[in-house]
>>> print(open('protein_27.cif').read())   # mmCIF, N, CA and C atoms
data_my_file
#
loop_
_atom_site.label_atom_id
_atom_site.label_comp_id
_atom_site.auth_asym_id
_atom_site.auth_seq_id
_atom_site.Cartn_x
_atom_site.Cartn_y
_atom_site.Cartn_z
N GLU A 1 167.62 -34.45 -109.23
CA GLU A 1 169.00 -34.11 -108.89
C GLU A 1 169.45 -32.88 -109.67
N SER A 2 169.15 -32.81 -110.95
CA SER A 2 169.58 -31.66 -111.75
C SER A 2 168.88 -30.38 -111.30
N ALA A 3 167.65 -30.49 -110.81
CA ALA A 3 166.95 -29.31 -110.32
C ALA A 3 167.65 -28.74 -109.09
N VAL A 4 168.12 -29.61 -108.22
CA VAL A 4 168.86 -29.16 -107.04
C VAL A 4 170.16 -28.48 -107.45
N LYS A 5 170.85 -29.09 -108.40
CA LYS A 5 172.10 -28.51 -108.89
C LYS A 5 171.84 -27.14 -109.52
N GLU A 6 170.77 -27.02 -110.28
CA GLU A 6 170.42 -25.75 -110.91
C GLU A 6 170.11 -24.69 -109.84
N MET A 7 169.38 -25.07 -108.80
CA MET A 7 169.07 -24.14 -107.72
C MET A 7 170.36 -23.67 -107.04
N ARG A 8 171.28 -24.59 -106.81
CA ARG A 8 172.56 -24.24 -106.20
C ARG A 8 173.31 -23.24 -107.08
N ASN A 9 173.33 -23.50 -108.38
CA ASN A 9 174.02 -22.59 -109.30
C ASN A 9 173.39 -21.21 -109.30
N GLU A 10 172.07 -21.14 -109.25
CA GLU A 10 171.39 -19.85 -109.18
C GLU A 10 171.74 -19.13 -107.89
N HIS A 11 171.79 -19.86 -106.79
CA HIS A 11 172.13 -19.26 -105.51
C HIS A 11 173.54 -18.69 -105.54
N VAL A 12 174.48 -19.43 -106.11
CA VAL A 12 175.87 -18.95 -106.22
C VAL A 12 175.91 -17.71 -107.08
N ALA A 13 175.17 -17.70 -108.19
CA ALA A 13 175.14 -16.54 -109.07
C ALA A 13 174.60 -15.32 -108.32
N GLU A 14 173.55 -15.51 -107.51
CA GLU A 14 173.00 -14.39 -106.75
C GLU A 14 174.02 -13.84 -105.77
N GLU A 15 174.79 -14.71 -105.14
CA GLU A 15 175.77 -14.26 -104.16
C GLU A 15 176.87 -13.41 -104.80
N LYS A 16 177.11 -13.60 -106.09
CA LYS A 16 178.21 -12.93 -106.76
C LYS A 16 177.78 -11.67 -107.50
N LEU A 17 176.52 -11.26 -107.37
CA LEU A 17 176.06 -10.07 -108.06
C LEU A 17 176.88 -8.86 -107.62
N LYS A 18 177.23 -8.06 -108.61
CA LYS A 18 177.96 -6.82 -108.32
C LYS A 18 176.97 -5.68 -108.36
N GLY A 19 177.10 -4.78 -107.41
CA GLY A 19 176.24 -3.62 -107.40
C GLY A 19 176.62 -2.64 -108.49
N GLY A 20 175.61 -2.02 -109.05
CA GLY A 20 175.80 -1.00 -110.06
C GLY A 20 175.30 0.34 -109.56
N PRO A 21 174.79 1.17 -110.44
CA PRO A 21 174.38 2.52 -110.05
C PRO A 21 173.29 2.59 -108.99
N LEU A 22 172.31 1.68 -109.05
CA LEU A 22 171.25 1.74 -108.04
C LEU A 22 171.75 1.31 -106.67
N ALA A 23 172.60 0.30 -106.63
CA ALA A 23 173.18 -0.12 -105.36
C ALA A 23 174.03 1.01 -104.78
N LYS A 24 174.78 1.67 -105.64
CA LYS A 24 175.60 2.80 -105.19
C LYS A 24 174.73 3.93 -104.66
N LEU A 25 173.68 4.27 -105.39
CA LEU A 25 172.78 5.33 -104.94
C LEU A 25 172.14 4.97 -103.61
N SER A 26 171.66 3.74 -103.48
CA SER A 26 171.02 3.36 -102.22
C SER A 26 172.01 3.40 -101.07
N GLY A 27 173.26 3.02 -101.34
CA GLY A 27 174.29 3.11 -100.31
C GLY A 27 174.56 4.54 -99.89
N GLN A 28 174.59 5.44 -100.86
CA GLN A 28 174.79 6.86 -100.56
C GLN A 28 173.63 7.42 -99.76
N LEU A 29 172.42 7.07 -100.17
CA LEU A 29 171.24 7.56 -99.46
C LEU A 29 171.23 7.08 -98.01
N CYS A 30 171.60 5.82 -97.80
CA CYS A 30 171.56 5.25 -96.45
C CYS A 30 172.51 5.96 -95.49
N GLY A 31 173.51 6.64 -96.00
CA GLY A 31 174.44 7.38 -95.16
C GLY A 31 174.01 8.80 -94.86
N GLN A 32 172.90 9.24 -95.44
CA GLN A 32 172.44 10.62 -95.24
C GLN A 32 171.45 10.71 -94.09
N PRO A 33 171.74 11.55 -93.10
CA PRO A 33 170.82 11.69 -91.96
C PRO A 33 169.40 12.05 -92.37
N GLU A 34 169.26 12.92 -93.39
CA GLU A 34 167.92 13.33 -93.84
C GLU A 34 167.15 12.13 -94.40
N PHE A 35 167.86 11.28 -95.11
CA PHE A 35 167.21 10.09 -95.68
C PHE A 35 166.79 9.14 -94.58
N MET A 36 167.67 8.94 -93.60
CA MET A 36 167.32 8.04 -92.49
C MET A 36 166.10 8.57 -91.75
N GLU A 37 166.03 9.89 -91.56
CA GLU A 37 164.87 10.49 -90.90
C GLU A 37 163.61 10.27 -91.74
N TRP A 38 163.72 10.46 -93.05
CA TRP A 38 162.59 10.27 -93.95
C TRP A 38 162.08 8.82 -93.90
N LEU A 39 163.01 7.86 -93.79
CA LEU A 39 162.64 6.43 -93.72
C LEU A 39 162.20 6.00 -92.32
N TRP A 40 162.34 6.89 -91.36
CA TRP A 40 162.02 6.58 -89.97
C TRP A 40 162.92 5.49 -89.41
N VAL A 41 164.23 5.63 -89.66
CA VAL A 41 165.22 4.71 -89.10
C VAL A 41 166.32 5.53 -88.45
N ASN A 42 167.17 4.86 -87.66
CA ASN A 42 168.19 5.57 -86.90
C ASN A 42 169.62 5.36 -87.38
N THR A 43 169.85 4.32 -88.16
CA THR A 43 171.22 4.02 -88.57
C THR A 43 171.26 3.68 -90.06
N PRO A 44 172.43 3.81 -90.68
CA PRO A 44 172.56 3.38 -92.08
C PRO A 44 172.20 1.91 -92.27
N GLU A 45 172.52 1.08 -91.29
CA GLU A 45 172.21 -0.35 -91.38
C GLU A 45 170.70 -0.57 -91.41
N GLU A 46 169.97 0.17 -90.57
CA GLU A 46 168.51 0.05 -90.56
C GLU A 46 167.93 0.55 -91.88
N ALA A 47 168.52 1.61 -92.45
CA ALA A 47 168.06 2.13 -93.73
C ALA A 47 168.26 1.08 -94.82
N ALA A 48 169.43 0.45 -94.83
CA ALA A 48 169.72 -0.59 -95.82
C ALA A 48 168.74 -1.76 -95.66
N ALA A 49 168.47 -2.15 -94.42
CA ALA A 49 167.55 -3.25 -94.17
C ALA A 49 166.15 -2.90 -94.65
N LYS A 50 165.74 -1.66 -94.46
CA LYS A 50 164.41 -1.24 -94.88
C LYS A 50 164.31 -1.23 -96.41
N ILE A 51 165.35 -0.76 -97.09
CA ILE A 51 165.36 -0.79 -98.55
C ILE A 51 165.27 -2.23 -99.05
N ARG A 52 166.07 -3.10 -98.45
CA ARG A 52 166.03 -4.52 -98.87
C ARG A 52 164.63 -5.10 -98.65
N ALA A 53 164.03 -4.79 -97.52
CA ALA A 53 162.69 -5.32 -97.23
C ALA A 53 161.65 -4.76 -98.19
N LEU A 54 161.65 -3.46 -98.41
CA LEU A 54 160.67 -2.85 -99.30
C LEU A 54 160.80 -3.37 -100.73
N CYS A 55 162.02 -3.62 -101.16
CA CYS A 55 162.28 -4.06 -102.54
C CYS A 55 162.32 -5.57 -102.67
N SER A 56 162.15 -6.28 -101.57
CA SER A 56 162.15 -7.75 -101.56
C SER A 56 163.43 -8.34 -102.15
N VAL A 57 164.56 -7.82 -101.69
CA VAL A 57 165.86 -8.33 -102.12
C VAL A 57 166.69 -8.67 -100.88
N SER A 58 167.69 -9.51 -101.06
CA SER A 58 168.56 -9.85 -99.93
C SER A 58 169.83 -9.01 -99.95
N SER A 59 170.07 -8.31 -101.05
CA SER A 59 171.24 -7.46 -101.19
C SER A 59 170.87 -6.28 -102.06
N ARG A 60 171.38 -5.09 -101.72
CA ARG A 60 171.09 -3.93 -102.56
C ARG A 60 171.66 -4.09 -103.96
N ALA A 61 172.68 -4.94 -104.13
CA ALA A 61 173.22 -5.19 -105.47
C ALA A 61 172.15 -5.74 -106.41
N GLU A 62 171.16 -6.44 -105.85
CA GLU A 62 170.09 -6.99 -106.67
C GLU A 62 169.26 -5.91 -107.35
N LEU A 63 169.29 -4.68 -106.82
CA LEU A 63 168.52 -3.60 -107.43
C LEU A 63 168.95 -3.38 -108.89
N ASP A 64 170.22 -3.67 -109.18
CA ASP A 64 170.74 -3.48 -110.53
C ASP A 64 170.51 -4.69 -111.43
N HIS A 65 169.98 -5.77 -110.89
CA HIS A 65 169.82 -7.00 -111.66
C HIS A 65 168.39 -7.51 -111.67
N ASN A 66 167.52 -6.90 -110.88
CA ASN A 66 166.13 -7.34 -110.76
C ASN A 66 165.24 -6.16 -111.15
N PRO A 67 164.64 -6.20 -112.34
CA PRO A 67 163.84 -5.06 -112.81
C PRO A 67 162.66 -4.72 -111.91
N VAL A 68 162.04 -5.73 -111.30
CA VAL A 68 160.92 -5.47 -110.40
C VAL A 68 161.40 -4.73 -109.16
N ALA A 69 162.51 -5.18 -108.59
CA ALA A 69 163.08 -4.51 -107.42
C ALA A 69 163.50 -3.08 -107.75
N ALA A 70 164.08 -2.90 -108.93
CA ALA A 70 164.48 -1.55 -109.35
C ALA A 70 163.27 -0.64 -109.45
N GLU A 71 162.18 -1.14 -110.02
CA GLU A 71 160.95 -0.35 -110.15
C GLU A 71 160.41 0.04 -108.78
N VAL A 72 160.40 -0.92 -107.85
CA VAL A 72 159.94 -0.62 -106.49
C VAL A 72 160.84 0.43 -105.85
N PHE A 73 162.15 0.30 -106.02
CA PHE A 73 163.09 1.27 -105.46
C PHE A 73 162.77 2.67 -105.97
N HIS A 74 162.57 2.80 -107.28
CA HIS A 74 162.26 4.11 -107.85
C HIS A 74 160.91 4.63 -107.35
N ARG A 75 159.88 3.78 -107.42
CA ARG A 75 158.51 4.19 -107.11
C ARG A 75 158.28 4.46 -105.62
N GLU A 76 158.87 3.62 -104.76
CA GLU A 76 158.58 3.71 -103.33
C GLU A 76 159.64 4.47 -102.52
N ILE A 77 160.83 4.63 -103.08
CA ILE A 77 161.92 5.22 -102.31
C ILE A 77 162.51 6.45 -103.00
N ARG A 78 163.14 6.25 -104.16
CA ARG A 78 163.89 7.33 -104.77
C ARG A 78 163.00 8.53 -105.15
N ILE A 79 161.92 8.28 -105.87
CA ILE A 79 161.07 9.38 -106.32
C ILE A 79 160.38 10.08 -105.15
N PRO A 80 159.74 9.34 -104.23
CA PRO A 80 159.10 10.04 -103.10
C PRO A 80 160.11 10.82 -102.24
N TYR A 81 161.30 10.26 -102.05
CA TYR A 81 162.31 10.98 -101.26
C TYR A 81 162.74 12.24 -101.99
N SER A 82 162.98 12.14 -103.29
CA SER A 82 163.36 13.33 -104.07
C SER A 82 162.26 14.37 -104.02
N ASP A 83 161.02 13.94 -104.14
CA ASP A 83 159.88 14.87 -104.07
C ASP A 83 159.80 15.55 -102.71
N SER A 84 160.06 14.79 -101.65
CA SER A 84 159.99 15.37 -100.30
C SER A 84 161.07 16.42 -100.10
N LYS A 85 162.25 16.18 -100.68
CA LYS A 85 163.34 17.16 -100.57
C LYS A 85 162.98 18.41 -101.36
N ARG A 86 162.42 18.24 -102.54
CA ARG A 86 162.04 19.36 -103.38
C ARG A 86 160.94 20.19 -102.70
N ASN A 87 159.97 19.52 -102.09
CA ASN A 87 158.87 20.22 -101.42
C ASN A 87 159.31 20.94 -100.17
N ALA A 88 160.38 20.43 -99.53
CA ALA A 88 160.88 21.05 -98.29
C ALA A 88 161.67 22.32 -98.59
N ALA A 89 162.17 22.43 -99.81
CA ALA A 89 163.02 23.58 -100.17
C ALA A 89 162.22 24.83 -100.45
#
>>> encode(input="protein_27.cif", output="structure tokens")
Amino acid sequence: ESAVKEMRNEHVAEEKLKGGPLAKLSGQLCGQPEFMEWLWVNTPEEAAAKIRALCSVSSRAELDHNPVAAEVFHREIRIPYSDSKRNAA
């Protein structure tokens, strides 16, 4: 019984996560047409869904609270996208 209660409490805590700088950055990127093109998506919603899927999170706010997800975001999204912009210039 206590394990179920603990799981419920963890779930509630996850729902209340506030986004920080990484969530804000990912939100800004998702609104950029160049970023959507780079991700091979057509809408900001699809971009957000792809970020969540790649980083294995249910909310972009988790990027600021999950070190593994943050690392994946940097390694698979932010750095390669920045490099692609730099190389295109």
>>> closest_residue(input="protein_27.cif", among="A:Ser82, A:Cys55, A:Leu17, A:Leu22", to="A:Ala69", atoms="all atoms listed in the file")
A:Cys55
>>> atom_distance(input="protein_27.cif", atom1="atom CA of A:Ala49", atom2="atom N of A:Arg86")
23.6 Å
>>> select_by_dssp(input="protein_27.cif", residues="chain A", states="helix (DSSP H, G or I)", output="number ranges by chain")
A: 2-15, 21-30, 33-39, 44-55, 60-64, 67-88
>>> residues_near_point(input="protein_27.cif", point="(170.3, 1.6, -93.7)", cutoff="8 Å", atoms="all atoms listed in the file", output="MDAnalysis selection string")
chainID A and resid 26:27 29:31 36 41:52
>>> atom_distance(input="protein_27.cif", atom1="atom C of A:Pro80", atom2="atom N of A:Lys18")
26.3 Å
>>> residues_near_point(input="protein_27.cif", point="(164.5, -7.6, -104.5)", cutoff="6.5 Å", atoms="all atoms listed in the file", output="PyMOL selection string")
chain A and resi 52+55-58+62-63+66+68-70
>>> write_last_selection(input="protein_27.cif", atoms="N, CA and C atoms", output="short mmCIF file (atom, residue, chain, number, x, y, z; two decimals), in the frame of the given file")
data_model
loop_
_atom_site.label_atom_id
_atom_site.label_comp_id
_atom_site.auth_asym_id
_atom_site.auth_seq_id
_atom_site.Cartn_x
_atom_site.Cartn_y
_atom_site.Cartn_z
N ARG A 52 166.07 -3.10 -98.45
CA ARG A 52 166.03 -4.52 -98.87
C ARG A 52 164.63 -5.10 -98.65
N CYS A 55 162.02 -3.62 -101.16
CA CYS A 55 162.28 -4.06 -102.54
C CYS A 55 162.32 -5.57 -102.67
N SER A 56 162.15 -6.28 -101.57
CA SER A 56 162.15 -7.75 -101.56
C SER A 56 163.43 -8.34 -102.15
N VAL A 57 164.56 -7.82 -101.69
CA VAL A 57 165.86 -8.33 -102.12
C VAL A 57 166.69 -8.67 -100.88
N SER A 58 167.69 -9.51 -101.06
CA SER A 58 168.56 -9.85 -99.93
C SER A 58 169.83 -9.01 -99.95
N GLU A 62 171.16 -6.44 -105.85
CA GLU A 62 170.09 -6.99 -106.67
C GLU A 62 169.26 -5.91 -107.35
N LEU A 63 169.29 -4.68 -106.82
CA LEU A 63 168.52 -3.60 -107.43
C LEU A 63 168.95 -3.38 -108.89
N ASN A 66 167.52 -6.90 -110.88
CA ASN A 66 166.13 -7.34 -110.76
C ASN A 66 165.24 -6.16 -111.15
N VAL A 68 162.04 -5.73 -111.30
CA VAL A 68 160.92 -5.47 -110.40
C VAL A 68 161.40 -4.73 -109.16
N ALA A 69 162.51 -5.18 -108.59
CA ALA A 69 163.08 -4.51 -107.42
C ALA A 69 163.50 -3.08 -107.75
N ALA A 70 164.08 -2.90 -108.93
CA ALA A 70 164.48 -1.55 -109.35
C ALA A 70 163.27 -0.64 -109.45
#
>>> residues_around(input="protein_27.cif", residues="A:Arg60", least_positions_apart="4", cutoff="6 Å", atoms="all atoms listed in the file", output="list in words")
Gly19, Ala23 and Asp64 of chain A
>>> axis_aligned_box(input="protein_27.cif", around="stretch 34-50 of chain A", padding_each_side="4 Å", output="JSON")
{"center_x": 167.3, "center_y": 5.0, "center_z": -91.7, "size_x": 18.5, "size_y": 24.6, "size_z": 17.5}
>>> closest_residue(input="protein_27.cif", among="A:Leu54, A:Gln28, A:Ala89, A:Gly20", to="A:His74", atoms="only C-alpha atoms")
A:Leu54
>>> closest_residue(input="protein_27.cif", among="A:His65, A:Leu25, A:Gln32, A:Glu37", to="A:Arg78", atoms="only C-alpha atoms")
A:Leu25
>>> atom_distance(input="protein_27.cif", atom1="atom CA of A:Leu39", atom2="atom CA of A:Arg75")
14.2 Å
